[in-house]
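**Student:** Handing over input00.tsv, TSV, C-alpha atoms.
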chain	number	residue	atom	x	y	z
A	1	MET	CA	-37.79	-46.53	-46.86
A	2	SER	CA	-40.55	-44.87	-44.93
A	3	GLU	CA	-39.24	-42.69	-42.13
A	4	GLY	CA	-42.32	-43.54	-40.11
A	5	LEU	CA	-40.95	-47.06	-39.60
A	6	TRP	CA	-37.89	-45.91	-37.71
A	7	PRO	CA	-38.41	-45.16	-34.03
A	8	LEU	CA	-37.44	-41.86	-32.46
A	9	TRP	CA	-34.41	-41.59	-30.17
A	10	GLU	CA	-33.42	-38.82	-27.76
A	11	VAL	CA	-29.77	-37.78	-27.79
A	12	PHE	CA	-27.76	-36.65	-24.76
A	13	VAL	CA	-24.25	-35.20	-25.04
A	14	ARG	CA	-21.67	-34.73	-22.31
A	15	SER	CA	-19.73	-31.68	-23.38
A	16	ALA	CA	-16.78	-32.19	-21.02
A	17	HIS	CA	-15.62	-34.62	-18.41
A	18	GLY	CA	-17.23	-33.91	-15.05
A	19	LEU	CA	-20.36	-32.34	-16.55
A	20	ALA	CA	-23.72	-34.05	-16.82
A	21	HIS	CA	-25.12	-35.34	-20.11
A	22	LYS	CA	-27.47	-32.78	-21.59
A	23	HIS	CA	-30.39	-33.36	-23.92
A	24	VAL	CA	-29.57	-31.93	-27.36
A	25	GLY	CA	-32.31	-33.25	-29.62
A	26	SER	CA	-33.68	-36.34	-31.27
A	27	LEU	CA	-33.27	-38.47	-34.40
A	28	HIS	CA	-34.65	-41.51	-36.19
A	29	ALA	CA	-32.82	-44.84	-36.32
A	30	PRO	CA	-33.83	-48.50	-36.69
A	31	ASP	CA	-31.87	-49.66	-33.63
A	32	ALA	CA	-29.50	-48.57	-30.87
A	33	GLU	CA	-26.34	-49.21	-32.85
A	34	MET	CA	-27.34	-46.97	-35.71
A	35	ALA	CA	-28.87	-44.42	-33.34
A	36	MET	CA	-25.39	-44.05	-31.83
A	37	LEU	CA	-23.73	-43.58	-35.24
A	38	ASN	CA	-26.40	-41.11	-36.30
A	39	ALA	CA	-26.09	-39.20	-33.04
A	40	ARG	CA	-22.38	-38.86	-33.63
A	41	ASP	CA	-22.96	-37.59	-37.17
A	42	VAL	CA	-25.84	-35.26	-36.42
A	43	TYR	CA	-24.96	-33.84	-33.01
A	44	THR	CA	-21.17	-33.90	-32.55
A	45	ARG	CA	-19.99	-32.41	-35.84
A	46	ARG	CA	-18.45	-29.38	-34.16
A	47	ASN	CA	-16.57	-31.02	-31.33
A	48	GLU	CA	-19.51	-30.78	-28.93
A	49	GLY	CA	-18.92	-33.80	-26.79
A	50	VAL	CA	-16.87	-36.45	-25.05
A	51	SER	CA	-19.71	-38.91	-24.45
A	52	LEU	CA	-23.07	-39.76	-26.01
A	53	TRP	CA	-26.25	-41.34	-24.72
A	54	VAL	CA	-29.14	-42.38	-26.92
A	55	VAL	CA	-32.44	-43.36	-25.38
A	56	LYS	CA	-35.56	-44.55	-27.13
A	57	SER	CA	-38.06	-41.72	-26.82
A	58	SER	CA	-40.78	-44.22	-25.93
A	59	ASP	CA	-38.73	-45.32	-22.89
A	60	ILE	CA	-38.83	-41.84	-21.39
A	61	VAL	CA	-41.60	-41.26	-18.86
A	62	ALA	CA	-42.56	-37.60	-19.07
A	63	SER	CA	-44.71	-35.55	-16.71
A	64	GLU	CA	-48.11	-34.53	-18.03
A	65	PRO	CA	-48.33	-30.82	-18.87
A	66	ALA	CA	-51.88	-30.89	-17.49
A	67	ALA	CA	-50.48	-31.88	-14.11
A	68	ASN	CA	-48.08	-28.95	-13.95
A	69	GLU	CA	-50.11	-27.10	-11.34
A	70	ALA	CA	-50.26	-30.02	-8.95
A	71	LEU	CA	-46.63	-30.97	-9.51
A	72	PHE	CA	-44.83	-27.65	-9.57
A	73	ASP	CA	-46.93	-24.77	-8.23
A	74	ALA	CA	-46.57	-25.85	-4.62
A	75	ALA	CA	-42.84	-25.13	-4.75
A	76	LYS	CA	-43.33	-21.54	-5.89
A	77	ASP	CA	-44.29	-20.01	-2.53
A	78	LYS	CA	-41.79	-21.79	-0.31
A	79	PRO	CA	-38.82	-19.45	-0.23
A	80	TYR	CA	-37.55	-21.08	2.95
A	81	ARG	CA	-36.39	-24.00	0.79
A	82	TYR	CA	-33.56	-21.79	-0.48
A	83	PRO	CA	-30.51	-21.52	1.79
A	84	THR	CA	-30.40	-17.76	1.16
A	85	TYR	CA	-33.76	-17.38	2.93
A	86	PHE	CA	-32.17	-17.61	6.34
A	87	THR	CA	-30.03	-14.93	7.89
A	88	VAL	CA	-26.93	-16.30	9.47
A	89	PRO	CA	-26.67	-15.43	13.14
A	90	GLU	CA	-23.68	-13.34	14.03
A	91	GLY	CA	-20.77	-15.29	15.36
A	92	VAL	CA	-21.43	-18.42	13.35
A	93	LYS	CA	-18.22	-19.58	11.75
A	94	HIS	CA	-17.38	-22.10	9.09
A	95	LEU	CA	-20.73	-21.80	7.34
B	1	MET	CA	18.52	-38.97	-58.21
B	2	ASN	CA	19.80	-35.67	-59.58
B	3	ALA	CA	19.78	-32.80	-57.15
B	4	GLY	CA	16.85	-30.53	-57.90
B	5	ALA	CA	14.99	-33.10	-59.99
B	6	VAL	CA	11.37	-33.78	-59.09
B	7	ASP	CA	10.91	-36.89	-56.96
B	8	HIS	CA	8.62	-38.50	-59.49
B	9	SER	CA	7.62	-41.54	-57.43
B	10	ARG	CA	6.79	-39.52	-54.37
B	11	PHE	CA	4.80	-37.06	-56.46
B	12	GLU	CA	2.81	-39.86	-58.09
B	13	PHE	CA	2.14	-41.50	-54.74
B	14	LEU	CA	0.78	-38.25	-53.32
B	15	LEU	CA	-1.46	-37.68	-56.35
B	16	ARG	CA	-2.87	-41.20	-55.99
B	17	ALA	CA	-3.59	-40.72	-52.29
B	18	GLY	CA	-5.02	-37.25	-52.80
B	19	ASP	CA	-7.11	-38.05	-55.87
B	20	ASN	CA	-8.73	-41.04	-54.16
B	21	GLY	CA	-10.02	-38.76	-51.42
B	22	LEU	CA	-10.95	-35.92	-53.76
B	23	ILE	CA	-12.90	-38.04	-56.25
B	24	LEU	CA	-14.70	-40.19	-53.69
B	25	GLY	CA	-15.50	-37.06	-51.69
B	26	GLN	CA	-16.97	-35.43	-54.79
B	27	ARG	CA	-19.01	-38.55	-55.53
B	28	LEU	CA	-20.49	-38.49	-52.02
B	29	VAL	CA	-21.22	-34.78	-52.07
B	30	ALA	CA	-23.49	-35.41	-55.07
B	31	LEU	CA	-25.80	-37.33	-52.73
B	32	LEU	CA	-26.58	-34.30	-50.59
B	33	GLY	CA	-30.26	-33.60	-50.91
B	34	HIS	CA	-30.81	-37.16	-52.15
B	35	ALA	CA	-29.96	-39.41	-49.18
B	36	PRO	CA	-32.73	-41.72	-47.97
B	37	VAL	CA	-33.02	-40.05	-44.55
B	38	LEU	CA	-31.72	-36.87	-42.96
B	39	GLU	CA	-29.44	-38.71	-40.54
B	40	GLU	CA	-27.75	-40.59	-43.39
B	41	GLU	CA	-27.36	-37.39	-45.35
B	42	LEU	CA	-25.33	-35.81	-42.57
B	43	GLY	CA	-23.33	-38.99	-42.16
B	44	ILE	CA	-22.43	-39.01	-45.85
B	45	ALA	CA	-21.57	-35.31	-45.75
B	46	ASN	CA	-19.23	-35.90	-42.82
B	47	VAL	CA	-17.41	-38.67	-44.66
B	48	ALA	CA	-17.15	-36.54	-47.80
B	49	LEU	CA	-15.69	-33.62	-45.86
B	50	ASP	CA	-13.19	-35.86	-44.10
B	51	LEU	CA	-12.02	-37.26	-47.44
B	52	LEU	CA	-11.78	-33.77	-48.91
B	53	GLY	CA	-9.69	-32.74	-45.91
B	54	HIS	CA	-7.30	-35.63	-46.51
B	55	ALA	CA	-7.12	-34.76	-50.22
B	56	ARG	CA	-6.11	-31.19	-49.40
B	57	MET	CA	-3.20	-32.39	-47.28
B	58	TRP	CA	-1.98	-34.92	-49.86
B	59	LEU	CA	-2.34	-32.57	-52.84
B	60	SER	CA	-0.71	-29.62	-51.06
B	61	TYR	CA	2.26	-31.84	-50.34
B	62	ALA	CA	2.24	-33.09	-53.94
B	63	GLY	CA	2.48	-29.48	-55.09
B	64	GLU	CA	5.47	-28.89	-52.82
B	65	VAL	CA	7.24	-32.05	-54.00
B	66	GLU	CA	6.66	-31.07	-57.62
B	67	GLY	CA	8.18	-27.66	-56.94
B	68	ALA	CA	6.20	-25.90	-59.69
B	69	LYS	CA	4.21	-23.75	-57.24
B	70	ARG	CA	0.94	-25.58	-57.94
B	71	THR	CA	-1.52	-25.29	-55.06
B	72	GLU	CA	-4.09	-27.82	-53.88
B	73	ASP	CA	-6.70	-25.88	-55.89
B	74	ASP	CA	-4.57	-26.02	-59.04
B	75	MET	CA	-4.32	-29.75	-58.54
B	76	ALA	CA	-8.05	-30.21	-58.04
B	77	PHE	CA	-9.45	-27.85	-60.65
B	78	PHE	CA	-6.88	-27.52	-63.42
B	79	ARG	CA	-5.94	-31.08	-64.23
B	80	ASN	CA	-7.76	-33.14	-66.85
B	81	ALA	CA	-8.96	-36.71	-66.44
B	82	GLY	CA	-5.75	-38.18	-67.83
B	83	GLU	CA	-3.77	-36.42	-65.12
B	84	PHE	CA	-5.82	-37.86	-62.27
B	85	ARG	CA	-4.33	-40.84	-60.44
B	86	ASN	CA	-7.28	-42.10	-58.36
B	87	ALA	CA	-8.24	-45.77	-58.38
B	88	LEU	CA	-11.06	-46.72	-60.76
B	89	LEU	CA	-13.15	-47.87	-57.79
B	90	VAL	CA	-13.77	-44.39	-56.38
B	91	GLU	CA	-14.94	-42.84	-59.65
B	92	GLN	CA	-17.68	-45.43	-60.16
B	93	PRO	CA	-21.17	-43.86	-60.10
B	94	ASN	CA	-23.25	-43.64	-56.93
B	95	GLY	CA	-25.87	-45.94	-58.44
B	96	SER	CA	-28.32	-47.16	-55.84
B	97	PHE	CA	-27.67	-46.82	-52.11
B	98	ALA	CA	-26.35	-50.42	-52.22
B	99	ASP	CA	-23.76	-49.43	-54.85
B	100	THR	CA	-22.74	-46.39	-52.81
B	101	ILE	CA	-22.35	-48.41	-49.61
B	102	VAL	CA	-20.46	-51.32	-51.17
B	103	ARG	CA	-18.08	-48.93	-52.94
B	104	GLN	CA	-17.58	-47.10	-49.66
B	105	PHE	CA	-16.95	-50.26	-47.66
B	106	LEU	CA	-14.44	-51.68	-50.16
B	107	PHE	CA	-12.60	-48.35	-50.13
B	108	ASP	CA	-12.80	-47.79	-46.36
B	109	ALA	CA	-11.45	-51.26	-45.58
B	110	TRP	CA	-8.49	-50.57	-47.90
B	111	HIS	CA	-8.09	-46.99	-46.65
B	112	VAL	CA	-7.80	-48.00	-43.00
B	113	ARG	CA	-5.14	-50.61	-43.81
B	114	ALA	CA	-3.27	-48.25	-46.13
B	115	LEU	CA	-3.23	-45.36	-43.65
B	116	GLY	CA	-2.11	-47.74	-40.92
B	117	ALA	CA	0.86	-48.78	-43.06
B	118	TRP	CA	1.68	-45.25	-44.24
B	119	SER	CA	1.64	-44.05	-40.62
B	120	ALA	CA	5.01	-45.75	-40.26
B	121	SER	CA	6.37	-44.29	-43.51
B	122	ALA	CA	9.98	-43.17	-43.66
B	123	ASP	CA	8.66	-39.88	-45.08
B	124	GLU	CA	7.62	-38.01	-41.94
B	125	ARG	CA	5.13	-35.81	-43.75
B	126	ILE	CA	3.36	-38.84	-45.26
B	127	ALA	CA	3.36	-40.51	-41.84
B	128	ALA	CA	1.90	-37.39	-40.20
B	129	ILE	CA	-0.92	-37.04	-42.75
B	130	ALA	CA	-1.74	-40.74	-42.46
B	131	GLN	CA	-1.84	-40.57	-38.67
B	132	LYS	CA	-4.17	-37.61	-38.78
B	133	ALA	CA	-6.50	-39.25	-41.32
B	134	LYS	CA	-6.57	-42.72	-39.73
B	135	PRO	CA	-9.11	-42.12	-36.92
B	136	GLU	CA	-11.52	-40.56	-39.41
B	137	ALA	CA	-11.13	-43.50	-41.79
B	138	ASP	CA	-11.73	-45.86	-38.85
B	139	TYR	CA	-15.08	-44.21	-38.29
B	140	HIS	CA	-15.95	-44.34	-42.01
B	141	LEU	CA	-15.32	-48.08	-41.90
B	142	THR	CA	-17.50	-48.50	-38.82
B	143	ARG	CA	-20.36	-46.81	-40.66
B	144	SER	CA	-20.04	-48.57	-43.99
B	145	CYS	CA	-19.48	-51.91	-42.25
B	146	ASP	CA	-22.71	-51.43	-40.30
B	147	TRP	CA	-24.65	-50.75	-43.49
B	148	VAL	CA	-23.13	-53.67	-45.40
B	149	VAL	CA	-24.14	-56.14	-42.70
B	150	ARG	CA	-27.53	-54.53	-42.19
B	151	LEU	CA	-28.49	-54.50	-45.87
B	152	GLY	CA	-26.70	-57.70	-46.87
B	153	ASP	CA	-28.38	-59.65	-44.09
B	154	GLY	CA	-31.60	-57.69	-44.44
B	155	THR	CA	-34.60	-58.32	-46.67
B	156	ASP	CA	-34.52	-60.36	-49.88
B	157	GLU	CA	-34.62	-57.11	-51.82
B	158	SER	CA	-31.75	-55.46	-49.93
B	159	HIS	CA	-29.67	-58.64	-50.08
B	160	ALA	CA	-30.13	-58.94	-53.85
B	161	ARG	CA	-29.19	-55.30	-54.40
B	162	MET	CA	-26.09	-55.60	-52.20
B	163	GLN	CA	-24.97	-58.81	-53.90
B	164	ALA	CA	-25.40	-57.21	-57.33
B	165	ALA	CA	-23.42	-54.16	-56.19
B	166	LEU	CA	-20.62	-56.37	-54.87
B	167	VAL	CA	-20.44	-58.32	-58.13
B	168	GLY	CA	-20.25	-55.06	-60.05
B	169	LEU	CA	-17.61	-53.37	-57.93
B	170	TRP	CA	-15.40	-56.23	-56.77
B	171	PRO	CA	-13.28	-56.30	-59.99
B	172	TYR	CA	-12.15	-52.72	-59.33
B	173	THR	CA	-10.56	-53.65	-56.00
B	174	SER	CA	-7.64	-55.53	-57.54
B	175	GLU	CA	-6.16	-52.26	-58.74
B	176	LEU	CA	-5.80	-51.06	-55.15
B	177	PHE	CA	-3.19	-53.76	-54.59
B	178	ALA	CA	-1.45	-53.82	-57.96
B	179	ALA	CA	2.09	-52.47	-57.57
B	180	ASP	CA	3.88	-50.69	-60.39
B	181	GLY	CA	7.29	-49.07	-60.73
B	182	VAL	CA	6.27	-46.14	-58.56
B	183	ASP	CA	5.20	-48.42	-55.74
B	184	ARG	CA	8.32	-50.56	-55.98
B	185	ASP	CA	10.55	-47.49	-55.93
B	186	LEU	CA	8.81	-46.19	-52.82
B	187	ALA	CA	8.81	-49.60	-51.13
B	188	ALA	CA	12.58	-49.57	-51.45
B	189	ARG	CA	12.50	-46.22	-49.65
B	190	GLY	CA	10.32	-47.24	-46.72
B	191	ILE	CA	6.74	-46.71	-47.93
B	192	VAL	CA	4.67	-49.88	-47.77
B	193	ALA	CA	3.95	-51.53	-51.12
B	194	PRO	CA	0.25	-51.92	-51.97
B	195	GLU	CA	0.32	-55.69	-52.53
B	196	ASP	CA	1.39	-56.16	-48.92
B	197	LEU	CA	-1.95	-54.75	-47.78
B	198	ARG	CA	-4.12	-57.24	-49.65
B	199	GLU	CA	-4.06	-60.14	-47.22
B	200	ALA	CA	-5.18	-58.06	-44.25
B	201	TRP	CA	-7.78	-56.25	-46.35
B	202	LEU	CA	-9.18	-59.50	-47.70
B	203	HIS	CA	-9.36	-60.91	-44.19
B	204	ASP	CA	-11.33	-57.84	-43.02
B	205	ALA	CA	-13.63	-57.91	-46.04
B	206	GLN	CA	-14.33	-61.64	-45.80
B	207	ALA	CA	-15.33	-61.32	-42.15
B	208	VAL	CA	-17.80	-58.53	-42.91
B	209	PHE	CA	-19.26	-60.17	-46.04
B	210	ALA	CA	-19.72	-63.41	-44.10
B	211	ARG	CA	-21.78	-61.54	-41.48
B	212	ALA	CA	-23.65	-59.84	-44.31
B	213	THR	CA	-24.34	-63.23	-45.99
B	214	LEU	CA	-22.82	-61.86	-49.20
B	215	ALA	CA	-20.72	-64.02	-51.53
B	216	ILE	CA	-17.42	-62.60	-52.77
B	217	PRO	CA	-17.22	-63.09	-56.56
B	218	ASP	CA	-14.45	-65.16	-58.09
B	219	ASP	CA	-11.45	-63.16	-59.24
B	220	ALA	CA	-11.74	-62.72	-62.96
B	221	TRP	CA	-11.73	-59.45	-64.90
B	222	ALA	CA	-9.42	-57.06	-63.06
B	223	PRO	CA	-9.31	-53.65	-64.69
B	224	THR	CA	-6.45	-51.29	-63.83
B	225	GLY	CA	-5.29	-47.96	-65.17
B	226	GLY	CA	-6.53	-45.33	-62.74
B	227	LYS	CA	-3.10	-45.02	-61.16
B	228	ARG	CA	-1.65	-44.30	-64.61
B	229	GLY	CA	-4.38	-41.87	-65.64
B	230	LEU	CA	-6.41	-44.32	-67.73
B	231	HIS	CA	-9.90	-43.89	-66.35
B	232	THR	CA	-13.41	-45.14	-66.96
B	233	GLU	CA	-15.73	-42.80	-68.82
B	234	HIS	CA	-17.34	-41.71	-65.55
B	235	LEU	CA	-14.44	-39.56	-64.38
B	236	SER	CA	-14.66	-36.89	-67.08
B	237	TYR	CA	-18.29	-36.15	-66.28
B	238	LEU	CA	-17.50	-35.90	-62.58
B	239	LEU	CA	-14.61	-33.52	-63.29
B	240	ALA	CA	-16.71	-31.39	-65.62
B	241	GLU	CA	-19.16	-30.76	-62.83
B	242	MET	CA	-16.51	-30.30	-60.16
B	243	GLN	CA	-14.24	-28.00	-62.18
B	244	SER	CA	-16.57	-25.93	-64.34
B	245	LEU	CA	-17.12	-23.06	-61.90
B	246	ARG	CA	-13.45	-22.70	-61.00
B	247	ARG	CA	-12.43	-22.80	-64.66
B	248	SER	CA	-15.05	-20.28	-65.72
B	249	VAL	CA	-13.63	-17.69	-63.30
B	250	PRO	CA	-9.96	-18.62	-62.76
B	251	GLY	CA	-8.33	-16.71	-59.94
B	252	GLU	CA	-11.67	-15.52	-58.55
B	253	ARG	CA	-11.91	-15.30	-54.76
B	254	TRP	CA	-14.77	-15.40	-52.28
Output the structure of this file as structure tokens.

**Tutor:**
Amino acid sequence: MSEGLWPLWEVFVRSAHGLAHKHVGSLHAPDAEMAMLNARDVYTRRNEGVSLWVVKSSDIVASEPAANEALFDAAKDKPYRYPTYFTVPEGVKHL
Amino acid sequence: MNAGAVDHSRFEFLLRAGDNGLILGQRLVALLGHAPVLEEELGIANVALDLLGHARMWLSYAGEVEGAKRTEDDMAFFRNAGEFRNALLVEQPNGSFADTIVRQFLFDAWHVRALGAWSASADERIAAIAQKAKPEADYHLTRSCDWVVRLGDGTDESHARMQAALVGLWPYTSELFAADGVDRDLAARGIVAPEDLREAWLHDAQAVFARATLAIPDDAWAPTGGKRGLHTEHLSYLLAEMQSLRRSVPGERW
């Protein structure tokens, strides 16, 4: 069985109720059903999670590293987007 | 029963339950480093460790029932083949991946039904161990079931290998349901007799083999003996490998 024939899947684990699923790694599997079983066996051996997502890696649309400047640099010099940038006027309550 | 005498039937039952897990676990561990893909390797290791965990609980209890101060390690490493009580099915060689998977499925389907029945045992300790082991066995069955269907209803090559494996291993299943004096004694005391599990097991197996397009062989040759310590030649080799280190340095600690 050539491993190259099995598509790659990304695995997301929710570690506790109320938390978001977090990407933990990837694995190979022929279909979704076995990807789920493999995810359980590979990534939840030490009681890591309460819920699993598996997503075909090819279904994930990723940003281009080459576009990082255009996408992310503009946010670097805009400190006023943080709430802590503003001083709260005296006398303001319930903020 | 005389006060102070060993409860022979209970002891035998616990050895049978424990040895099934220990021997099948050891068989699976031998595949580490040899599984077809990394994901399957971890899956097999998980099943092996679960089975080993069950074996520890059963054999520890067996040691207590015997009352001769034998530990789980004494049970595992210092008994010879004739003293093992596992079913013949679990000691069969790993063979090809088809053989491994069919053996696993036949065992898992029985294991889930057996643990379900033992969970209601009149012996609270047996019931507690069975209840703890049951969810793990359920998962083992999910895995092996998936593989049986996938490979049985797969390519011509995989189908042929699975069918050959089923023909080879099916005869060993009858022993799982063959009751002897030990079983009848325990049935009278509130532990489910093995023959009562067969109908449900067969129903489960037929459903899966139908999906897998595999034909169940006719009942013919039905070897037994594992439960009495009469094993196939494969067990001694397995034990030699499993026990040699412990026996070469008895009493040694990590």

**Student:** Would you mind listing, as a ChimeraX atom specification, all residues of chain B that have at least one atom within 7 Å of chain A, where all atoms listed in the file are what counts?

**Tutor:** /B:39,42-43,46

**Student:** Expressed in Å to a single decimal, how great is the separation between CA of Glu83 (chain B) and CA of Thr232 (chain B)?

**Tutor:** 13.1 Å

**Student:** When you look at Glu195 (chain B) with a cut-off of 7 Å (counting all atoms listed in the file), what residues show up, excluding the ones that are within fewer than 3 positions of it in the same chain? I need them as number ranges by chain.

**Tutor:** B: 177-179, 198

**Student:** Near Asn86 (chain B), within 7 Å and counting all atoms listed in the file, which residues show up once chain neighbours fewer than 6 positions away are dropped, as a PDB file with C-alpha atoms, in the coordinates of the input?

**Tutor:**
ATOM      1  CA  ARG B  16      -2.870 -41.200 -55.990  1.00  0.00           C
ATOM      2  CA  ASP B  19      -7.110 -38.050 -55.870  1.00  0.00           C
ATOM      3  CA  ASN B  20      -8.730 -41.040 -54.160  1.00  0.00           C
ATOM      4  CA  GLY B 226      -6.530 -45.330 -62.740  1.00  0.00           C
ATOM      5  CA  LYS B 227      -3.100 -45.020 -61.160  1.00  0.00           C
TER       6      LYS B 227
END

**Student:** Quick one: pull the distance between CA of Phe105 (chain B) and CA of Phe13 (chain B), Å, one decimal.

**Tutor:**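 Interatomic distance here is 22.2 Å.
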
**Student:** Just checking: using all atoms listed in the file, which residue out of B:Leu115, B:Ala222, B:Val37, B:Leu106 ends up closest to Ala17 (chain B)?

**Tutor:**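 Looking only at the distances to Ala17 (chain B), the closest residue turns out to be B:Leu115.
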
**Student:** May I ask which of the residues B:Asp73, B:Glu157, B:Asp183, B:Asp196 is the closest one to Glu252 (chain B), counting only C-alpha atoms?

**Tutor:**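 Of B:Asp73, B:Glu157, B:Asp183, B:Asp196, the one nearest Glu252 (chain B), counting only C-alpha atoms, is B:Asp73.
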
**Student:** In the coordinate frame of the file, compute which residues have an atom within 9 Å of (-18.2, -34.7, -52.9) when using all atoms listed in the file, and state them as number ranges by chain.

**Tutor:** B: 22-32, 45, 48-49, 51-52, 242
